[in-house]
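Student: This is the content of run11.tsv (TSV, C-alpha atoms (C1' of nucleotides)):
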chain	number	residue	atom	x	y	z
A	1	MET	CA	0.00	0.00	0.00
A	2	GLU	CA	1.08	3.50	-0.78
A	3	ALA	CA	2.78	5.33	2.09
A	4	LEU	CA	1.86	8.95	2.76
A	5	ASP	CA	4.71	11.32	3.59
A	6	PRO	CA	4.11	11.88	7.31
A	7	LEU	CA	5.69	15.30	7.09
A	8	LEU	CA	3.00	16.47	4.71
A	9	HIS	CA	0.17	14.32	5.95
A	10	GLN	CA	-0.68	16.41	8.97
A	11	PRO	CA	-3.48	18.98	8.96
A	12	LEU	CA	-1.51	22.13	9.54
A	13	ARG	CA	1.48	21.14	7.41
A	14	THR	CA	-0.68	20.07	4.49
A	15	GLN	CA	-2.34	23.46	4.59
A	16	LEU	CA	0.96	25.22	4.99
A	17	ALA	CA	2.50	23.46	2.02
A	18	ALA	CA	-0.59	23.94	-0.10
A	19	PHE	CA	-0.77	27.61	0.77
A	20	LEU	CA	2.89	28.26	0.08
A	21	ALA	CA	2.78	26.29	-3.14
A	22	GLY	CA	-0.17	28.32	-4.28
A	23	ALA	CA	0.98	31.72	-3.08
A	24	GLY	CA	4.63	31.39	-3.99
A	25	GLU	CA	5.75	32.94	-0.74
A	26	ALA	CA	4.38	34.44	2.43
A	27	SER	CA	5.47	36.09	5.66
A	28	PHE	CA	5.07	34.63	9.10
A	29	SER	CA	2.10	36.86	9.82
A	30	GLU	CA	0.41	36.15	6.53
A	31	LEU	CA	0.64	32.45	7.27
A	32	LYS	CA	-0.58	32.99	10.79
A	33	ARG	CA	-3.60	34.91	9.58
A	34	SER	CA	-4.41	32.60	6.70
A	35	LEU	CA	-4.14	29.40	8.68
A	36	ASP	CA	-5.50	30.85	11.91
A	37	VAL	CA	-2.90	29.25	14.09
A	38	SER	CA	-0.95	30.26	17.19
A	39	ASP	CA	2.55	31.67	16.89
A	40	GLY	CA	4.16	28.73	18.62
A	41	ASN	CA	2.37	26.16	16.59
A	42	LEU	CA	3.17	27.83	13.29
A	43	GLU	CA	6.80	28.18	14.27
A	44	SER	CA	7.16	24.53	15.20
A	45	HIS	CA	5.59	23.26	12.00
A	46	LEU	CA	7.57	25.65	9.84
A	47	LYS	CA	10.69	24.44	11.58
A	48	LYS	CA	9.96	20.87	10.61
A	49	LEU	CA	9.38	21.77	7.00
A	50	ILE	CA	12.55	23.85	6.97
A	51	ALA	CA	14.56	21.06	8.59
A	52	ALA	CA	13.40	18.74	5.81
A	53	ASP	CA	14.32	21.33	3.20
A	54	TYR	CA	10.71	21.53	2.08
A	55	VAL	CA	10.53	25.21	2.90
A	56	SER	CA	13.15	27.93	2.69
A	57	LEU	CA	13.28	31.35	4.26
A	58	GLN	CA	14.74	34.63	3.18
A	59	ARG	CA	15.16	37.49	5.59
A	60	SER	CA	14.39	40.88	4.18
A	61	GLU	CA	17.15	43.45	4.36
A	62	GLY	CA	16.96	47.18	4.07
A	63	PRO	CA	14.86	49.61	6.05
A	64	GLY	CA	11.70	48.83	7.90
A	65	ARG	CA	10.74	46.05	10.23
A	66	ALA	CA	12.62	42.84	9.61
A	67	GLN	CA	10.52	40.18	8.02
A	68	THR	CA	11.14	36.68	6.82
A	69	ARG	CA	9.54	35.37	3.70
A	70	TYR	CA	8.84	31.67	3.49
A	71	SER	CA	8.49	29.63	0.33
A	72	MET	CA	8.55	26.05	-0.89
A	73	THR	CA	11.86	24.68	-2.10
A	74	PRO	CA	12.04	22.55	-5.25
A	75	THR	CA	12.44	19.58	-2.90
A	76	GLY	CA	9.27	20.58	-1.11
A	77	LEU	CA	7.30	21.04	-4.30
A	78	ALA	CA	8.45	17.65	-5.55
A	79	ALA	CA	7.46	16.04	-2.26
A	80	LEU	CA	4.09	17.73	-2.44
A	81	GLN	CA	3.54	16.39	-5.92
A	82	ARG	CA	4.49	12.90	-4.84
A	83	TYR	CA	2.19	13.25	-1.87
A	84	ILE	CA	-0.72	14.29	-4.07
A	85	GLN	CA	-0.09	11.35	-6.34
A	86	ALA	CA	-0.06	9.00	-3.38
A	87	LEU	CA	-3.41	10.40	-2.30
A	88	HIS	CA	-4.71	9.80	-5.77
A	89	LYS	CA	-3.73	6.17	-5.68
A	90	LEU	CA	-5.14	5.68	-2.25
A	91	LEU	CA	-8.43	7.50	-2.50
A	92	PRO	CA	-11.10	7.30	-5.15
A	93	ILE	CA	-10.59	10.98	-5.78
A	94	GLY	CA	-12.64	12.57	-8.46
A	95	ALA	CA	-14.30	9.35	-9.49
A	96	GLU	CA	-17.27	9.37	-7.16
A	97	GLY	CA	-15.66	6.19	-6.02
A	98	LEU	CA	-17.37	6.07	-2.68
A	99	ALA	CA	-20.85	6.59	-3.99
A	100	GLY	CA	-20.33	3.90	-6.55
A	101	ALA	CA	-18.80	1.34	-4.25
A	102	GLY	CA	-22.03	-0.48	-3.73
A	103	HIS	CA	-21.89	-1.66	-0.13
A	104	LEU	CA	-23.35	0.71	2.41
A	105	ALA	CA	-23.76	3.41	-0.19
A	106	GLY	CA	-26.98	4.89	-1.38
A	107	ASN	CA	-27.34	7.27	1.52
A	108	THR	CA	-24.73	9.64	0.28
A	109	GLY	CA	-26.78	12.71	0.78
A	110	SER	CA	-29.29	14.45	-1.44
B	1	MET	CA	-9.11	27.91	4.99
B	2	GLU	CA	-10.59	24.46	4.75
B	3	ALA	CA	-10.06	22.30	7.83
B	4	LEU	CA	-9.06	18.69	7.38
B	5	ASP	CA	-10.78	16.14	9.62
B	6	PRO	CA	-7.93	15.23	11.97
B	7	LEU	CA	-9.40	11.81	12.51
B	8	LEU	CA	-8.96	10.96	8.86
B	9	HIS	CA	-5.91	13.08	8.13
B	10	GLN	CA	-3.39	10.74	9.67
B	11	PRO	CA	-1.37	8.29	7.59
B	12	LEU	CA	-2.62	5.03	9.00
B	13	ARG	CA	-6.22	6.11	9.44
B	14	THR	CA	-6.44	7.53	5.93
B	15	GLN	CA	-5.24	4.21	4.61
B	16	LEU	CA	-7.56	2.31	6.90
B	17	ALA	CA	-10.60	4.30	5.83
B	18	ALA	CA	-9.65	4.13	2.18
B	19	PHE	CA	-9.10	0.41	2.38
B	20	LEU	CA	-12.35	-0.29	4.17
B	21	ALA	CA	-14.29	1.99	1.87
B	22	GLY	CA	-12.86	0.16	-1.10
B	23	ALA	CA	-13.11	-3.37	0.25
B	24	GLY	CA	-16.45	-3.05	1.96
B	25	GLU	CA	-15.25	-4.95	4.99
B	26	ALA	CA	-12.21	-6.72	6.35
B	27	SER	CA	-11.00	-8.71	9.33
B	28	PHE	CA	-8.39	-7.57	11.80
B	29	SER	CA	-5.77	-9.79	10.19
B	30	GLU	CA	-6.59	-8.71	6.69
B	31	LEU	CA	-6.13	-5.11	7.74
B	32	LYS	CA	-2.94	-5.95	9.53
B	33	ARG	CA	-1.53	-7.66	6.48
B	34	SER	CA	-2.68	-5.05	4.00
B	35	LEU	CA	-1.47	-2.05	5.94
B	36	ASP	CA	1.61	-3.76	7.35
B	37	VAL	CA	1.12	-2.48	10.84
B	38	SER	CA	1.63	-3.85	14.34
B	39	ASP	CA	-1.29	-5.34	16.28
B	40	GLY	CA	-1.27	-2.63	18.91
B	41	ASN	CA	-1.13	0.17	16.46
B	42	LEU	CA	-3.94	-1.19	14.34
B	43	GLU	CA	-6.07	-1.73	17.40
B	44	SER	CA	-5.60	1.79	18.67
B	45	HIS	CA	-6.44	3.43	15.37
B	46	LEU	CA	-9.42	1.19	14.82
B	47	LYS	CA	-10.61	2.13	18.27
B	48	LYS	CA	-10.57	5.81	17.41
B	49	LEU	CA	-12.49	5.28	14.23
B	50	ILE	CA	-15.00	3.10	16.07
B	51	ALA	CA	-15.36	5.65	18.87
B	52	ALA	CA	-16.20	8.27	16.25
B	53	ASP	CA	-18.69	5.91	14.64
B	54	TYR	CA	-16.70	5.95	11.42
B	55	VAL	CA	-16.16	2.21	11.56
B	56	SER	CA	-18.41	-0.54	12.87
B	57	LEU	CA	-17.61	-4.09	13.82
B	58	GLN	CA	-19.56	-7.29	13.66
B	59	ARG	CA	-18.45	-10.36	15.52
B	60	SER	CA	-18.96	-13.59	13.70
B	61	GLU	CA	-21.09	-16.17	15.48
B	62	GLY	CA	-21.38	-19.86	14.96
B	63	PRO	CA	-18.63	-22.45	15.01
B	64	GLY	CA	-14.98	-21.80	14.30
B	65	ARG	CA	-12.60	-19.20	15.50
B	66	ALA	CA	-14.22	-15.94	16.46
B	67	GLN	CA	-13.50	-13.13	14.08
B	68	THR	CA	-14.59	-9.56	13.87
B	69	ARG	CA	-15.34	-7.91	10.59
B	70	TYR	CA	-14.79	-4.19	10.30
B	71	SER	CA	-16.49	-1.86	7.89
B	72	MET	CA	-17.18	1.81	7.35
B	73	THR	CA	-20.42	3.19	8.72
B	74	PRO	CA	-22.53	5.62	6.70
B	75	THR	CA	-21.17	8.32	9.00
B	76	GLY	CA	-17.65	7.24	8.18
B	77	LEU	CA	-18.26	7.17	4.46
B	78	ALA	CA	-19.81	10.62	4.58
B	79	ALA	CA	-16.85	11.93	6.56
B	80	LEU	CA	-14.49	10.37	4.07
B	81	GLN	CA	-16.29	12.07	1.21
B	82	ARG	CA	-16.16	15.41	2.98
B	83	TYR	CA	-12.50	14.83	3.68
B	84	ILE	CA	-11.78	14.11	0.04
B	85	GLN	CA	-13.63	17.24	-0.98
B	86	ALA	CA	-11.64	19.29	1.51
B	87	LEU	CA	-8.46	17.90	-0.01
B	88	HIS	CA	-9.72	18.89	-3.42
B	89	LYS	CA	-10.25	22.45	-2.34
B	90	LEU	CA	-6.93	22.64	-0.63
B	91	LEU	CA	-4.68	20.98	-3.14
B	92	PRO	CA	-4.39	21.53	-6.87
B	93	ILE	CA	-5.33	17.93	-7.34
B	94	GLY	CA	-5.64	16.68	-10.86
B	95	ALA	CA	-4.88	20.03	-12.42
B	96	GLU	CA	-1.11	19.86	-12.63
B	97	GLY	CA	-1.47	22.89	-10.44
B	98	LEU	CA	2.00	22.78	-9.03
B	99	ALA	CA	3.78	22.56	-12.31
B	100	GLY	CA	1.81	25.47	-13.65
B	101	ALA	CA	2.19	27.70	-10.64
B	102	GLY	CA	4.98	29.69	-12.19
B	103	HIS	CA	7.24	30.56	-9.30
B	104	LEU	CA	9.95	28.05	-8.57
B	105	ALA	CA	8.53	25.70	-11.15
B	106	GLY	CA	10.21	24.52	-14.29
B	107	ASN	CA	12.28	21.92	-12.54
B	108	THR	CA	9.41	19.61	-11.96
B	109	GLY	CA	11.18	16.71	-13.52
B	110	SER	CA	10.93	15.65	-17.11
C	1	DC	C1'	-3.92	-33.39	26.88
C	2	DA	C1'	-0.07	-30.28	25.55
C	3	DT	C1'	1.39	-27.15	22.28
C	4	DA	C1'	0.75	-23.88	18.80
C	5	DT	C1'	-1.37	-20.10	16.80
C	6	DA	C1'	-4.95	-16.68	15.43
C	7	DA	C1'	-7.15	-12.81	17.07
C	8	DC	C1'	-7.31	-9.50	19.66
C	9	DT	C1'	-6.21	-6.03	24.05
C	10	DC	C1'	-3.31	-3.51	27.38
C	11	DT	C1'	0.51	-0.78	28.82
C	12	DG	C1'	4.02	2.35	28.85
C	13	DA	C1'	7.66	4.72	26.35
C	14	DA	C1'	8.72	7.96	22.62
C	15	DC	C1'	7.25	11.38	19.92
C	16	DT	C1'	4.17	15.31	18.27
C	17	DA	C1'	1.27	19.28	18.62
C	18	DC	C1'	0.06	23.14	20.80
C	19	DA	C1'	-0.63	27.56	23.58
C	20	DG	C1'	1.17	31.02	25.82
C	21	DA	C1'	5.06	33.35	28.00
C	22	DG	C1'	9.34	35.49	26.72
C	23	DT	C1'	12.47	38.23	23.58
C	24	DT	C1'	13.93	41.65	20.25
C	25	DA	C1'	13.50	45.54	17.65
C	26	DA	C1'	10.88	48.95	15.11
C	27	DT	C1'	7.21	52.53	15.20
C	28	DC	C1'	4.26	55.96	17.43
C	29	DC	C1'	3.02	59.90	20.09
C	30	DA	C1'	3.91	63.45	23.58
D	1	DT	C1'	14.13	62.08	22.87
D	2	DG	C1'	12.19	58.44	25.06
D	3	DG	C1'	8.56	55.49	27.10
D	4	DA	C1'	4.80	52.69	25.49
D	5	DT	C1'	3.06	49.81	22.03
D	6	DT	C1'	3.04	46.33	18.85
D	7	DA	C1'	4.79	43.16	15.15
D	8	DA	C1'	7.52	39.31	14.52
D	9	DC	C1'	9.32	35.79	15.97
D	10	DT	C1'	11.32	31.87	19.57
D	11	DC	C1'	11.33	28.90	23.70
D	12	DT	C1'	9.41	25.79	26.92
D	13	DG	C1'	6.43	22.76	29.24
D	14	DT	C1'	2.05	20.21	29.06
D	15	DA	C1'	-1.27	17.42	26.96
D	16	DG	C1'	-2.23	14.36	23.63
D	17	DT	C1'	-0.99	10.85	19.96
D	18	DT	C1'	1.35	6.99	18.03
D	19	DC	C1'	3.49	2.95	18.39
D	20	DA	C1'	5.62	-1.80	19.48
D	21	DG	C1'	5.55	-5.57	21.97
D	22	DA	C1'	4.01	-8.20	25.97
D	23	DG	C1'	-0.16	-10.26	27.67
D	24	DT	C1'	-4.74	-12.72	27.19
D	25	DT	C1'	-8.26	-15.79	25.49
D	26	DA	C1'	-9.90	-19.36	22.94
D	27	DT	C1'	-9.65	-22.62	19.08
D	28	DA	C1'	-7.38	-25.99	16.50
D	29	DT	C1'	-3.94	-29.86	16.05
D	30	DG	C1'	-0.66	-33.67	16.96
Please express what this file holds, its structure, as structure tokens.

Tutor:
Amino acid sequence: MEALDPLLHQPLRTQLAAFLAGAGEASFSELKRSLDVSDGNLESHLKKLIAADYVSLQRSEGPGRAQTRYSMTPTGLAALQRYIQALHKLLPIGAEGLAGAGHLAGNTGS
Amino acid sequence: MEALDPLLHQPLRTQLAAFLAGAGEASFSELKRSLDVSDGNLESHLKKLIAADYVSLQRSEGPGRAQTRYSMTPTGLAALQRYIQALHKLLPIGAEGLAGAGHLAGNTGS
DNA sequence: CATATAACTCTGAACTACAGAGTTAATCCA
DNA sequence: TGGATTAACTCTGTAGTTCAGAGTTATATG
């Protein structure tokens, strides 16, 4: 059976990776606002993704308040793609697979 | 942002739910073999799914070795469908979304 | 009847997730 | 100028989760 990358298969990190992949890059606060998560929690999950080289950071220079921008690395994007493919294999995604399975089905909502 | 059911968004439980949804039902040993997991681990994850009424069990009667068959409940199937839809919204599934994102892309492997 | 084995269940250790307190440094207003 | 405020992190301890393997029960088998 297909294994799911445990680094990506966690609610907050899946969202984090998906958001960064979609947005290109984001600041700490943007991520915090978008994912509605506490500072500490965001930090610890970002750290894991950074440690795995899935996410990279770039500190802004110049005037104004210091700010770090986070983005997916090529490694991270590749892992995300592999992860999505694993989900595809595992789940009957996009094929109404559950409704059509036969057993127990038929009550799948209006 | 779309929340992912934490009960389903865990490697082993996603596989468990997907397997049961696909197979209709399975015994403890079949699950153990298919998912390649230790007894204790399988038990504890099954317990969570049962506690949430995502999975039901039916003990076999009659002669022969007792055996419990596990299957998804309607509640579980509905949750799985919602989960899959949440994944859809979150991830650029099936749309080559990552490769086309622009930033950082272009190295997405030949 | 003794041994083996399938089918679970329990327990505790290791790891993960999380919130909030703490830190640093830039901006604001008098 | 300088004290207060706030944004942007970072650290730490607690609570919760995951996991393997030891333990249990009951059936089959020599």

Student: Pull out every residue of chain B sitting within 12 Å of chain D, counting only C-alpha atoms (C1' of nucleotides), and send them as a PyMOL selection string.

Tutor: chain B and resi 6-7+10-13+37-45+48+63-67

Student: Let me have the centre and edge lengths of the axis-aligned box enclosing all listed atoms of range 11-28 of chain D with 6 Å padding on every side, in Å to one decimal, as AutoDock Vina command-line options.

Tutor:
--center_x 0.7 --center_y 1.5 --center_z 22.9 --size_x 33.2 --size_y 66.9 --size_z 24.7

Student: Compile a residue-level contact table for chain C against chain B at a cut-off of 10 Å, reporting for every qualifying residue the shortest atom pair and its distance in Å to one decimal, with all atoms listed in the file counted, rows ordered by chain and ascending number, as JSON lines.

Tutor:
{"residue": "C:DA6", "atom": "C1'", "partner": "B:Arg65", "partner_atom": "CA", "distance": 8.1}
{"residue": "C:DA7", "atom": "C1'", "partner": "B:Gln67", "partner_atom": "CA", "distance": 7.0}
{"residue": "C:DC8", "atom": "C1'", "partner": "B:Asp39", "partner_atom": "CA", "distance": 8.1}
{"residue": "C:DT9", "atom": "C1'", "partner": "B:Gly40", "partner_atom": "CA", "distance": 7.9}
{"residue": "C:DC10", "atom": "C1'", "partner": "B:Gly40", "partner_atom": "CA", "distance": 8.8}

Student: Residues of the last selection are to be written out with C-alpha atoms (C1' of nucleotides), as a CSV table (one decimal), in the coordinates of the input.

Tutor:
chain,number,residue,atom,x,y,z
C,6,DA,C1',-5.0,-16.7,15.4
C,7,DA,C1',-7.2,-12.8,17.1
C,8,DC,C1',-7.3,-9.5,19.7
C,9,DT,C1',-6.2,-6.0,24.0
C,10,DC,C1',-3.3,-3.5,27.4

Student: When you draw a straight line from CA of Ile84 in chain A to CA of Asp5 in chain A, how long is it in Å?

Tutor: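 CA of Asp5 in chain A lies at a distance of 9.8 Å from CA of Ile84 in chain A.
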
Student: Considering only C-alpha atoms, state which residue in the set A:Lys47, A:Leu77, A:Tyr54, A:Tyr83 is at the smallest distance from chain B.

Tutor: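 Under the stated criterion, the closest residue is A:Leu77.
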
Student: Quick one: pull the distance between CA of Ser56 in chain A and C1' of DT16 in chain C, Å, one decimal.

Tutor: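 These two atoms are separated by 22.0 Å.
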
Student: So, counting only C-alpha atoms, which residue among B:His88, B:Lys32, B:Arg69, B:Arg59 is closest to chain A?

Tutor: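 Between B:His88, B:Lys32, B:Arg69, B:Arg59, the residue approaching chain A most closely is B:His88.
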
Student: Write out as a ChimeraX atom specification each polymer residue whose atoms come within 10 Å of Met72 in chain B, counting only C-alpha atoms (C1' of nucleotides); drop sequence neighbours fewer than 5 positions from it.

Tutor: /A:103-104 /B:16-26,49-50,53-57,77-78,80

Student: What separation in Å, quoted to one decimal, exists between CA of Ala86 in chain B and CA of Leu87 in chain A?

Tutor: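 Straight-line distance from CA of Ala86 in chain B to CA of Leu87 in chain A works out to 12.7 Å.
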
Student: How would range 13-44 of chain A read, as a PDB file, keeping the file's coordinate frame, once N, CA and C atoms are built in?

Tutor:
ATOM      1  N   ARG A  13       0.401  21.125   8.393  1.00  0.00           N
ATOM      2  CA  ARG A  13       1.480  21.140   7.410  1.00  0.00           C
ATOM      3  C   ARG A  13       0.957  20.965   5.987  1.00  0.00           C
ATOM      4  N   THR A  14      -0.085  20.190   5.822  1.00  0.00           N
ATOM      5  CA  THR A  14      -0.680  20.070   4.490  1.00  0.00           C
ATOM      6  C   THR A  14      -1.165  21.440   4.037  1.00  0.00           C
ATOM      7  N   GLN A  15      -1.828  22.144   4.938  1.00  0.00           N
ATOM      8  CA  GLN A  15      -2.340  23.460   4.590  1.00  0.00           C
ATOM      9  C   GLN A  15      -1.217  24.449   4.316  1.00  0.00           C
ATOM     10  N   LEU A  16      -0.194  24.343   5.139  1.00  0.00           N
ATOM     11  CA  LEU A  16       0.960  25.220   4.990  1.00  0.00           C
ATOM     12  C   LEU A  16       1.600  25.020   3.624  1.00  0.00           C
ATOM     13  N   ALA A  17       1.852  23.775   3.295  1.00  0.00           N
ATOM     14  CA  ALA A  17       2.500  23.460   2.020  1.00  0.00           C
ATOM     15  C   ALA A  17       1.612  23.871   0.854  1.00  0.00           C
ATOM     16  N   ALA A  18       0.328  23.587   0.982  1.00  0.00           N
ATOM     17  CA  ALA A  18      -0.590  23.940  -0.100  1.00  0.00           C
ATOM     18  C   ALA A  18      -0.651  25.453  -0.274  1.00  0.00           C
ATOM     19  N   PHE A  19      -0.690  26.153   0.845  1.00  0.00           N
ATOM     20  CA  PHE A  19      -0.770  27.610   0.770  1.00  0.00           C
ATOM     21  C   PHE A  19       0.486  28.197   0.139  1.00  0.00           C
ATOM     22  N   LEU A  20       1.638  27.741   0.613  1.00  0.00           N
ATOM     23  CA  LEU A  20       2.890  28.260   0.080  1.00  0.00           C
ATOM     24  C   LEU A  20       3.054  27.906  -1.393  1.00  0.00           C
ATOM     25  N   ALA A  21       2.661  26.689  -1.735  1.00  0.00           N
ATOM     26  CA  ALA A  21       2.780  26.290  -3.140  1.00  0.00           C
ATOM     27  C   ALA A  21       1.900  27.169  -4.018  1.00  0.00           C
ATOM     28  N   GLY A  22       0.741  27.502  -3.509  1.00  0.00           N
ATOM     29  CA  GLY A  22      -0.170  28.320  -4.280  1.00  0.00           C
ATOM     30  C   GLY A  22       0.234  29.790  -4.320  1.00  0.00           C
ATOM     31  N   ALA A  23       0.702  30.284  -3.186  1.00  0.00           N
ATOM     32  CA  ALA A  23       0.980  31.720  -3.080  1.00  0.00           C
ATOM     33  C   ALA A  23       2.391  32.081  -3.550  1.00  0.00           C
ATOM     34  N   GLY A  24       3.254  31.086  -3.612  1.00  0.00           N
ATOM     35  CA  GLY A  24       4.630  31.390  -3.990  1.00  0.00           C
ATOM     36  C   GLY A  24       5.470  31.666  -2.766  1.00  0.00           C
ATOM     37  N   GLU A  25       5.055  32.640  -1.980  1.00  0.00           N
ATOM     38  CA  GLU A  25       5.750  32.940  -0.740  1.00  0.00           C
ATOM     39  C   GLU A  25       4.828  33.704   0.185  1.00  0.00           C
ATOM     40  N   ALA A  26       5.201  33.733   1.455  1.00  0.00           N
ATOM     41  CA  ALA A  26       4.380  34.440   2.430  1.00  0.00           C
ATOM     42  C   ALA A  26       5.225  34.755   3.650  1.00  0.00           C
ATOM     43  N   SER A  27       4.787  35.758   4.412  1.00  0.00           N
ATOM     44  CA  SER A  27       5.470  36.090   5.660  1.00  0.00           C
ATOM     45  C   SER A  27       4.858  35.282   6.800  1.00  0.00           C
ATOM     46  N   PHE A  28       5.547  35.323   7.904  1.00  0.00           N
ATOM     47  CA  PHE A  28       5.070  34.630   9.100  1.00  0.00           C
ATOM     48  C   PHE A  28       3.635  35.055   9.431  1.00  0.00           C
ATOM     49  N   SER A  29       3.416  36.350   9.432  1.00  0.00           N
ATOM     50  CA  SER A  29       2.100  36.860   9.820  1.00  0.00           C
ATOM     51  C   SER A  29       1.018  36.516   8.813  1.00  0.00           C
ATOM     52  N   GLU A  30       1.388  36.533   7.543  1.00  0.00           N
ATOM     53  CA  GLU A  30       0.410  36.150   6.530  1.00  0.00           C
ATOM     54  C   GLU A  30      -0.027  34.700   6.754  1.00  0.00           C
ATOM     55  N   LEU A  31       0.961  33.857   7.022  1.00  0.00           N
ATOM     56  CA  LEU A  31       0.640  32.450   7.270  1.00  0.00           C
ATOM     57  C   LEU A  31      -0.219  32.312   8.516  1.00  0.00           C
ATOM     58  N   LYS A  32       0.148  33.071   9.541  1.00  0.00           N
ATOM     59  CA  LYS A  32      -0.580  32.990  10.790  1.00  0.00           C
ATOM     60  C   LYS A  32      -2.042  33.391  10.584  1.00  0.00           C
ATOM     61  N   ARG A  33      -2.243  34.448   9.847  1.00  0.00           N
ATOM     62  CA  ARG A  33      -3.600  34.910   9.580  1.00  0.00           C
ATOM     63  C   ARG A  33      -4.357  33.916   8.707  1.00  0.00           C
ATOM     64  N   SER A  34      -3.717  33.478   7.647  1.00  0.00           N
ATOM     65  CA  SER A  34      -4.410  32.600   6.700  1.00  0.00           C
ATOM     66  C   SER A  34      -4.779  31.259   7.325  1.00  0.00           C
ATOM     67  N   LEU A  35      -3.884  30.728   8.138  1.00  0.00           N
ATOM     68  CA  LEU A  35      -4.140  29.400   8.680  1.00  0.00           C
ATOM     69  C   LEU A  35      -4.787  29.469  10.050  1.00  0.00           C
ATOM     70  N   ASP A  36      -4.872  30.665  10.604  1.00  0.00           N
ATOM     71  CA  ASP A  36      -5.500  30.850  11.910  1.00  0.00           C
ATOM     72  C   ASP A  36      -4.902  29.917  12.953  1.00  0.00           C
ATOM     73  N   VAL A  37      -3.654  30.141  13.220  1.00  0.00           N
ATOM     74  CA  VAL A  37      -2.900  29.250  14.090  1.00  0.00           C
ATOM     75  C   VAL A  37      -2.071  30.086  15.063  1.00  0.00           C
ATOM     76  N   SER A  38      -1.739  29.515  16.204  1.00  0.00           N
ATOM     77  CA  SER A  38      -0.950  30.260  17.190  1.00  0.00           C
ATOM     78  C   SER A  38       0.500  30.405  16.726  1.00  0.00           C
ATOM     79  N   ASP A  39       1.151  31.423  17.244  1.00  0.00           N
ATOM     80  CA  ASP A  39       2.550  31.670  16.890  1.00  0.00           C
ATOM     81  C   ASP A  39       3.413  30.422  17.087  1.00  0.00           C
ATOM     82  N   GLY A  40       3.298  29.860  18.276  1.00  0.00           N
ATOM     83  CA  GLY A  40       4.160  28.730  18.620  1.00  0.00           C
ATOM     84  C   GLY A  40       3.944  27.541  17.713  1.00  0.00           C
ATOM     85  N   ASN A  41       2.701  27.298  17.419  1.00  0.00           N
ATOM     86  CA  ASN A  41       2.370  26.160  16.590  1.00  0.00           C
ATOM     87  C   ASN A  41       2.886  26.352  15.168  1.00  0.00           C
ATOM     88  N   LEU A  42       2.683  27.542  14.637  1.00  0.00           N
ATOM     89  CA  LEU A  42       3.170  27.830  13.290  1.00  0.00           C
ATOM     90  C   LEU A  42       4.683  27.677  13.232  1.00  0.00           C
ATOM     91  N   GLU A  43       5.345  28.266  14.201  1.00  0.00           N
ATOM     92  CA  GLU A  43       6.800  28.180  14.270  1.00  0.00           C
ATOM     93  C   GLU A  43       7.270  26.727  14.257  1.00  0.00           C
ATOM     94  N   SER A  44       6.642  25.891  15.076  1.00  0.00           N
ATOM     95  CA  SER A  44       7.160  24.530  15.200  1.00  0.00           C
ATOM     96  C   SER A  44       6.933  23.733  13.908  1.00  0.00           C
TER      97      SER A  44
END
